[in-house]
Amino acid sequence: MTSLPSLPTPKKLGLVIDLDVCVGCHACVISCKEWNTGGYGAALSDQQPYGADVSGTFLNRIHTFEVVPEGGQVIGEAGDARIVHFPKSCLHCEDAPCVTVCPTGASYKRAEDGIVLVDESKCIGCGLCAWSCAYGAREMDLAAGVMKKCTLCVDRIYNETLKEIDRVPSCVRTCPANARHYGDLGDPTSDVSRMVAERGGYDLMPEQGTRPTNKYLPPRPRKPLAASAGSAVLAENTDGAKGFFAWLDGMLDRI
Amino acid sequence: MHPAPSIILFTTLSGLGYGLAAVLGLGLLDASTLSAKLAHVAALVMIAGGLLSSTLHLGNPQRAWRALSQWRSSWLSREGVMAMATFVPLTISAWFAVIEGRYLPVVGLVGAVMCGATVYCTAMIYASLRSIQAWNTGLTPICYLLFSAAGGLLLSTVVAVISGSSSDLCAVLALVAVIAAWAAKSAWWKRLRTLVPLSTPESATGLGNIGHVRLFERPHMNDNYLTREMGFKIARKHALKLSKMAILLGGVVPVALMLVVILGGSTTAMLAAVLAVLLYACGLVVERWLFFAEARHAVMNYYGD
């Protein structure tokens, strides 16, 4: 049934992604692909994997943005611009348009935990859900002809055959920088909810009216380029050298 | 958005078919004439051809029947249901026209209304998507409905001219509908070209409070499904030129030709009416192509264009 659950789901399982911590290593992309190509539903196919025009289905991708403050400068690598690595996967929206547009009932949001899934045996591969998603969370698998999306590793998080530490989404388990966190965002006392409250976690494109479950934590403030200017200039001259270094400085000048 | 030929063919062909079927349902043509009988069949063929073509872009067309199940929430499903249901009155009308040469007013009117409803559902598939701001307007269904009506009236003018009966009513209505359709489309284009984007790279990343956001590196070097499907922008630079050509081909010339039909002799009228339909169809294909090619998807905020 492609109508959304009428009440807020008792649990809102999702991810919190810390943009201050992500180093853009793409390990989560690889581990996601690896886990999900052998897990839930059809494999995540690649087209021409060894050819010139490689492409394939991924459920998680990392974009990298340059953010330039108002009046900031971009000078080589040391400008005011800052680089933000930006992991993006399904946000498991509360008001998920990808669910309601589905003509077959393949796309659904689970009433118990809010995970948005695709029942691939019902999917006709019309692609309308991918059109409806402003975040690009859904990609059609060109080999299977069905829509693929992040399952929040539904086949891991409830999987009692795995060790408890592994019962989190593959991307979260893999992240070497600990930039990805998994938990119940419907429970205000959960670690992820507290993190969101403390760090000012936010929704992506709130104007789209989708009410995403996943939250992003903003990069922490950084001092501007001008504030570090003093030390940059110091590296070029020897003013203020003392003792042995003052002597060495003098000797080197004489040569 | 990628302009898939199957979808362009579907929306133009079925739009024309539903338009013609609606005009036939309203009883504007003499049901006993051979050309009206052929028109009934042609309308059904165009609608069925359009629907079949729409299944060509599916990944798993063998399960297409499932698309009839989610009419409570999905405009695509509603369209499927309405398309199937509309075949009932249209087939009955066609049967009575072809076999008995009779027009059934009640079935005809019901059919005409259902034709309109089906075209409305088609348009709402696009108009309901907030992620594609260009389409997300009430003008979208108005354009689809008017283009369908104008197409149907132009086709019915050809039918009337061929049958030798009076074609003036059809031609006048067609003239008005063509003008109305392109006026609505011009308003649609004007809205599109003055649109303030709902979502920006700043809102898409939430980093706008730090500063101006620019894509530094894509997630990968080559294209993916998203950039191929939503990132289409070839010939967007020609959009303005193409839209003017569409108005000229599909609007101005057919209107002039309808005047020829009204004023001219029978042979001239026939040539003019047929030419009007052909040019209108060309204009419509350009318009439909632009409908997709010009539409920008919110996800492109993550891909730097």
# chains A, B, ... in the order shown; residues from 1 in each chain; ligands from 1
call {"tool": "residues_around", "arguments": {"residues": "B:Gly138", "least_positions_apart": "5", "cutoff": "10 Å", "atoms": "only C-alpha atoms", "output": "number ranges by chain"}}
result
B: 123-124, 127-128, 143, 188
call {"tool": "write_last_selection", "arguments": {"atoms": "N, CA, C and O atoms", "output": "PDB file, in the first residue's frame"}}
result
ATOM      1  N   ALA B 123      -1.476  14.551 -16.762  1.00  0.00           N
ATOM      2  CA  ALA B 123      -0.800  15.811 -16.458  1.00  0.00           C
ATOM      3  C   ALA B 123      -0.421  15.889 -14.986  1.00  0.00           C
ATOM      4  O   ALA B 123       0.645  16.404 -14.637  1.00  0.00           O
ATOM      5  N   MET B 124      -1.290  15.360 -14.125  1.00  0.00           N
ATOM      6  CA  MET B 124      -1.034  15.462 -12.680  1.00  0.00           C
ATOM      7  C   MET B 124       0.143  14.602 -12.237  1.00  0.00           C
ATOM      8  O   MET B 124       0.754  14.861 -11.203  1.00  0.00           O
ATOM      9  N   ALA B 127       2.559  17.293 -12.703  1.00  0.00           N
ATOM     10  CA  ALA B 127       2.280  18.504 -11.923  1.00  0.00           C
ATOM     11  C   ALA B 127       2.398  18.267 -10.423  1.00  0.00           C
ATOM     12  O   ALA B 127       2.577  19.210  -9.661  1.00  0.00           O
ATOM     13  N   SER B 128       2.286  17.000  -9.987  1.00  0.00           N
ATOM     14  CA  SER B 128       2.308  16.733  -8.548  1.00  0.00           C
ATOM     15  C   SER B 128       3.725  16.598  -7.998  1.00  0.00           C
ATOM     16  O   SER B 128       3.897  16.467  -6.789  1.00  0.00           O
ATOM     17  N   CYS B 143      -2.616  23.091 -19.604  1.00  0.00           N
ATOM     18  CA  CYS B 143      -1.965  22.959 -20.917  1.00  0.00           C
ATOM     19  C   CYS B 143      -2.279  21.603 -21.537  1.00  0.00           C
ATOM     20  O   CYS B 143      -2.658  21.521 -22.709  1.00  0.00           O
ATOM     21  N   TRP B 188       2.735  29.238 -19.116  1.00  0.00           N
ATOM     22  CA  TRP B 188       3.555  28.195 -18.465  1.00  0.00           C
ATOM     23  C   TRP B 188       5.034  28.509 -18.661  1.00  0.00           C
ATOM     24  O   TRP B 188       5.830  28.447 -17.737  1.00  0.00           O
TER      25      TRP B 188
END
call {"tool": "interface_residues", "arguments": {"of": "chain B", "to": "chain A", "cutoff": "7 Å", "atoms": "only C-alpha atoms", "output": "VMD selection string"}}
result
chain B and resid 57 to 61 63 to 64 66 to 70 73 to 77 129 to 131 199 203 to 206 210 to 219 222 to 226 298 to 299
call {"tool": "select_by_dssp", "arguments": {"residues": "stretch 80-129 of chain A", "states": "helix (DSSP H, G or I)", "output": "VMD selection string"}}
result
chain A and resid 97 to 100 128 to 129
call {"tool": "residues_around", "arguments": {"residues": "B:Gly17", "least_positions_apart": "6", "cutoff": "8 Å", "atoms": "only C-alpha atoms", "output": "number ranges by chain"}}
result
B: 42-47, 148, 152
call {"tool": "write_last_selection", "arguments": {"atoms": "N, CA and C atoms", "output": "PDB file, in the first residue's frame"}}
result
ATOM      1  N   ALA B  42      -9.720   5.320 -35.314  1.00  0.00           N
ATOM      2  CA  ALA B  42      -8.419   5.996 -35.218  1.00  0.00           C
ATOM      3  C   ALA B  42      -8.158   6.480 -33.792  1.00  0.00           C
ATOM      4  N   ALA B  43      -9.194   7.022 -33.141  1.00  0.00           N
ATOM      5  CA  ALA B  43      -9.026   7.513 -31.769  1.00  0.00           C
ATOM      6  C   ALA B  43      -8.604   6.368 -30.861  1.00  0.00           C
ATOM      7  N   LEU B  44      -9.295   5.231 -31.002  1.00  0.00           N
ATOM      8  CA  LEU B  44      -8.959   4.086 -30.151  1.00  0.00           C
ATOM      9  C   LEU B  44      -7.535   3.587 -30.428  1.00  0.00           C
ATOM     10  N   VAL B  45      -7.154   3.584 -31.718  1.00  0.00           N
ATOM     11  CA  VAL B  45      -5.811   3.120 -32.072  1.00  0.00           C
ATOM     12  C   VAL B  45      -4.759   4.062 -31.482  1.00  0.00           C
ATOM     13  N   MET B  46      -5.001   5.382 -31.577  1.00  0.00           N
ATOM     14  CA  MET B  46      -4.035   6.343 -31.033  1.00  0.00           C
ATOM     15  C   MET B  46      -3.891   6.186 -29.522  1.00  0.00           C
ATOM     16  N   ILE B  47      -5.031   6.013 -28.837  1.00  0.00           N
ATOM     17  CA  ILE B  47      -4.988   5.870 -27.378  1.00  0.00           C
ATOM     18  C   ILE B  47      -4.248   4.585 -27.011  1.00  0.00           C
ATOM     19  N   SER B 148      -4.874  18.697 -25.737  1.00  0.00           N
ATOM     20  CA  SER B 148      -5.639  17.522 -26.136  1.00  0.00           C
ATOM     21  C   SER B 148      -6.922  17.941 -26.868  1.00  0.00           C
ATOM     22  N   GLY B 152      -7.841  17.281 -30.763  1.00  0.00           N
ATOM     23  CA  GLY B 152      -9.062  16.557 -31.125  1.00  0.00           C
ATOM     24  C   GLY B 152      -9.922  17.362 -32.091  1.00  0.00           C
TER      25      GLY B 152
END
call {"tool": "residues_around", "arguments": {"residues": "stretch 250-253 of chain B", "least_positions_apart": "3", "cutoff": "8 Å", "atoms": "only C-alpha atoms", "output": "list of chain:residue names"}}
result
B:Val178, B:Ile179, B:Trp182, B:Ala246, B:Ile247, B:Ala256, B:Leu257, B:Ala276, B:Leu279, B:Tyr280, B:Ala281, B:Cys282, B:Gly283, B:Leu284
call {"tool": "write_last_selection", "arguments": {"atoms": "all heavy atoms", "output": "compact mmCIF listing (two decimals), in the first residue's frame"}}
result
# COMPACT_ATOMS: atom_id res chain seq x y z
N VAL B 178 -6.88 26.06 -30.23
CA VAL B 178 -5.43 26.14 -30.50
C VAL B 178 -4.87 27.43 -29.89
O VAL B 178 -3.82 27.41 -29.23
CB VAL B 178 -5.16 26.10 -32.02
CG1 VAL B 178 -3.69 26.43 -32.31
CG2 VAL B 178 -5.48 24.72 -32.58
N ILE B 179 -5.60 28.52 -30.07
CA ILE B 179 -5.14 29.79 -29.48
C ILE B 179 -5.08 29.68 -27.96
O ILE B 179 -4.09 30.05 -27.32
CB ILE B 179 -6.07 30.96 -29.91
CG1 ILE B 179 -5.91 31.20 -31.42
CG2 ILE B 179 -5.74 32.23 -29.12
CD1 ILE B 179 -6.87 32.23 -31.99
N TRP B 182 -2.06 27.46 -26.76
CA TRP B 182 -0.74 28.11 -26.81
C TRP B 182 -0.66 29.32 -25.89
O TRP B 182 0.43 29.65 -25.40
CB TRP B 182 -0.35 28.46 -28.25
CG TRP B 182 -0.02 27.22 -29.02
CD1 TRP B 182 -0.80 26.61 -29.96
CD2 TRP B 182 1.15 26.40 -28.90
NE1 TRP B 182 -0.20 25.47 -30.42
CE2 TRP B 182 1.00 25.32 -29.80
CE3 TRP B 182 2.31 26.46 -28.11
CZ2 TRP B 182 1.97 24.31 -29.94
CZ3 TRP B 182 3.27 25.47 -28.27
CH2 TRP B 182 3.09 24.41 -29.16
N ALA B 246 7.83 26.05 -31.97
CA ALA B 246 6.66 25.23 -31.62
C ALA B 246 5.38 26.06 -31.74
O ALA B 246 4.38 25.59 -32.29
CB ALA B 246 6.81 24.68 -30.20
N ILE B 247 5.45 27.32 -31.26
CA ILE B 247 4.26 28.18 -31.34
C ILE B 247 3.90 28.46 -32.80
O ILE B 247 2.74 28.41 -33.19
CB ILE B 247 4.49 29.51 -30.57
CG1 ILE B 247 4.61 29.23 -29.07
CG2 ILE B 247 3.39 30.51 -30.85
CD1 ILE B 247 4.91 30.44 -28.22
N ALA B 256 -4.07 29.90 -38.93
CA ALA B 256 -4.25 30.46 -40.28
C ALA B 256 -4.93 29.43 -41.18
O ALA B 256 -5.83 29.77 -41.97
CB ALA B 256 -2.90 30.88 -40.85
N LEU B 257 -4.52 28.18 -41.05
CA LEU B 257 -5.09 27.13 -41.89
C LEU B 257 -6.57 26.88 -41.57
O LEU B 257 -7.36 26.56 -42.46
CB LEU B 257 -4.28 25.84 -41.76
CG LEU B 257 -2.89 25.88 -42.41
CD1 LEU B 257 -2.05 24.69 -41.98
CD2 LEU B 257 -3.01 25.92 -43.93
N ALA B 276 -2.84 21.32 -41.22
CA ALA B 276 -2.93 21.89 -39.87
C ALA B 276 -2.68 20.82 -38.83
O ALA B 276 -1.93 21.05 -37.87
CB ALA B 276 -4.32 22.52 -39.66
N LEU B 279 1.13 19.81 -38.86
CA LEU B 279 2.00 20.82 -38.27
C LEU B 279 1.76 20.93 -36.77
O LEU B 279 2.69 21.09 -35.99
CB LEU B 279 1.77 22.18 -38.94
CG LEU B 279 2.27 22.27 -40.38
CD1 LEU B 279 1.90 23.61 -40.99
CD2 LEU B 279 3.78 22.07 -40.41
N TYR B 280 0.48 20.83 -36.37
CA TYR B 280 0.14 20.89 -34.94
C TYR B 280 0.84 19.76 -34.20
O TYR B 280 1.42 19.97 -33.13
CB TYR B 280 -1.37 20.81 -34.77
CG TYR B 280 -1.81 20.83 -33.33
CD1 TYR B 280 -1.83 22.01 -32.60
CD2 TYR B 280 -2.20 19.66 -32.69
CE1 TYR B 280 -2.22 22.03 -31.28
CE2 TYR B 280 -2.60 19.66 -31.37
CZ TYR B 280 -2.62 20.85 -30.67
OH TYR B 280 -3.00 20.87 -29.35
N ALA B 281 0.79 18.56 -34.81
CA ALA B 281 1.45 17.41 -34.17
C ALA B 281 2.94 17.65 -34.03
O ALA B 281 3.54 17.35 -32.98
CB ALA B 281 1.18 16.14 -34.96
N CYS B 282 3.58 18.22 -35.07
CA CYS B 282 5.01 18.54 -34.99
C CYS B 282 5.28 19.54 -33.86
O CYS B 282 6.19 19.36 -33.04
CB CYS B 282 5.52 19.12 -36.30
SG CYS B 282 5.53 17.94 -37.63
N GLY B 283 4.46 20.59 -33.83
CA GLY B 283 4.62 21.61 -32.79
C GLY B 283 4.47 21.00 -31.40
O GLY B 283 5.21 21.32 -30.47
N LEU B 284 3.53 20.07 -31.30
CA LEU B 284 3.25 19.43 -30.01
C LEU B 284 4.42 18.56 -29.58
O LEU B 284 4.76 18.53 -28.39
CB LEU B 284 1.99 18.57 -30.15
CG LEU B 284 1.17 18.38 -28.88
CD1 LEU B 284 0.81 19.71 -28.26
CD2 LEU B 284 -0.08 17.57 -29.19
call {"tool": "residues_around", "arguments": {"residues": "B:Thr86", "least_positions_apart": "6", "cutoff": "7 Å", "atoms": "only C-alpha atoms", "output": "PyMOL selection string"}}
result
chain B and resi 111+114-115
call {"tool": "residues_around", "arguments": {"residues": "B:Gly27", "least_positions_apart": "3", "cutoff": "9 Å", "atoms": "only C-alpha atoms", "output": "PyMOL selection string"}}
result
chain B and resi 22-24+30-31+103-105+108-109
call {"tool": "write_last_selection", "arguments": {"atoms": "N, CA and C atoms", "output": "PDB file, in the first residue's frame"}}
result
ATOM      1  N   ALA B  22     -13.119  12.577 -27.428  1.00  0.00           N
ATOM      2  CA  ALA B  22     -14.015  13.474 -26.691  1.00  0.00           C
ATOM      3  C   ALA B  22     -14.907  14.255 -27.657  1.00  0.00           C
ATOM      4  N   VAL B  23     -14.319  14.737 -28.753  1.00  0.00           N
ATOM      5  CA  VAL B  23     -15.117  15.474 -29.739  1.00  0.00           C
ATOM      6  C   VAL B  23     -16.193  14.563 -30.337  1.00  0.00           C
ATOM      7  N   LEU B  24     -15.799  13.318 -30.623  1.00  0.00           N
ATOM      8  CA  LEU B  24     -16.783  12.353 -31.135  1.00  0.00           C
ATOM      9  C   LEU B  24     -17.871  12.103 -30.094  1.00  0.00           C
ATOM     10  N   ASP B  30     -21.107  13.826 -37.602  1.00  0.00           N
ATOM     11  CA  ASP B  30     -22.214  12.964 -38.020  1.00  0.00           C
ATOM     12  C   ASP B  30     -21.750  11.498 -37.977  1.00  0.00           C
ATOM     13  N   ALA B  31     -22.321  10.727 -37.032  1.00  0.00           N
ATOM     14  CA  ALA B  31     -21.840   9.366 -36.779  1.00  0.00           C
ATOM     15  C   ALA B  31     -22.081   8.419 -37.938  1.00  0.00           C
ATOM     16  N   TYR B 103     -25.240   7.622 -32.997  1.00  0.00           N
ATOM     17  CA  TYR B 103     -24.547   8.337 -31.916  1.00  0.00           C
ATOM     18  C   TYR B 103     -25.345   8.159 -30.638  1.00  0.00           C
ATOM     19  N   LEU B 104     -24.690   7.672 -29.580  1.00  0.00           N
ATOM     20  CA  LEU B 104     -25.362   7.500 -28.292  1.00  0.00           C
ATOM     21  C   LEU B 104     -24.975   8.667 -27.388  1.00  0.00           C
ATOM     22  N   PRO B 105     -25.893   9.614 -27.163  1.00  0.00           N
ATOM     23  CA  PRO B 105     -25.497  10.837 -26.438  1.00  0.00           C
ATOM     24  C   PRO B 105     -24.974  10.568 -25.029  1.00  0.00           C
ATOM     25  N   GLY B 108     -21.686   8.787 -25.081  1.00  0.00           N
ATOM     26  CA  GLY B 108     -20.735   9.723 -25.684  1.00  0.00           C
ATOM     27  C   GLY B 108     -20.271  10.768 -24.689  1.00  0.00           C
ATOM     28  N   LEU B 109     -21.238  11.367 -23.978  1.00  0.00           N
ATOM     29  CA  LEU B 109     -20.884  12.413 -23.004  1.00  0.00           C
ATOM     30  C   LEU B 109     -20.038  11.849 -21.872  1.00  0.00           C
TER      31      LEU B 109
END
call {"tool": "atom_distance", "arguments": {"atom1": "atom CA of A:Ile165", "atom2": "atom CA of A:Met195"}}
result
19.8 Å
call {"tool": "atom_distance", "arguments": {"atom1": "atom CA of B:Thr12", "atom2": "atom CA of B:Lys241"}}
result
20.7 Å
call {"tool": "select_by_dssp", "arguments": {"residues": "stretch 6-159 of chain A", "states": "strand (DSSP E or B)", "output": "ChimeraX atom specification"}}
result
/A:13-18,46-47,55-56,60-68,82-89,107-109,116-118,139-141,146-148
call {"tool": "closest_residue", "arguments": {"among": "B:Ser6, B:Thr194, B:Thr11, B:Ser54", "to": "B:Phe147", "atoms": "only C-alpha atoms"}}
result
B:Thr11
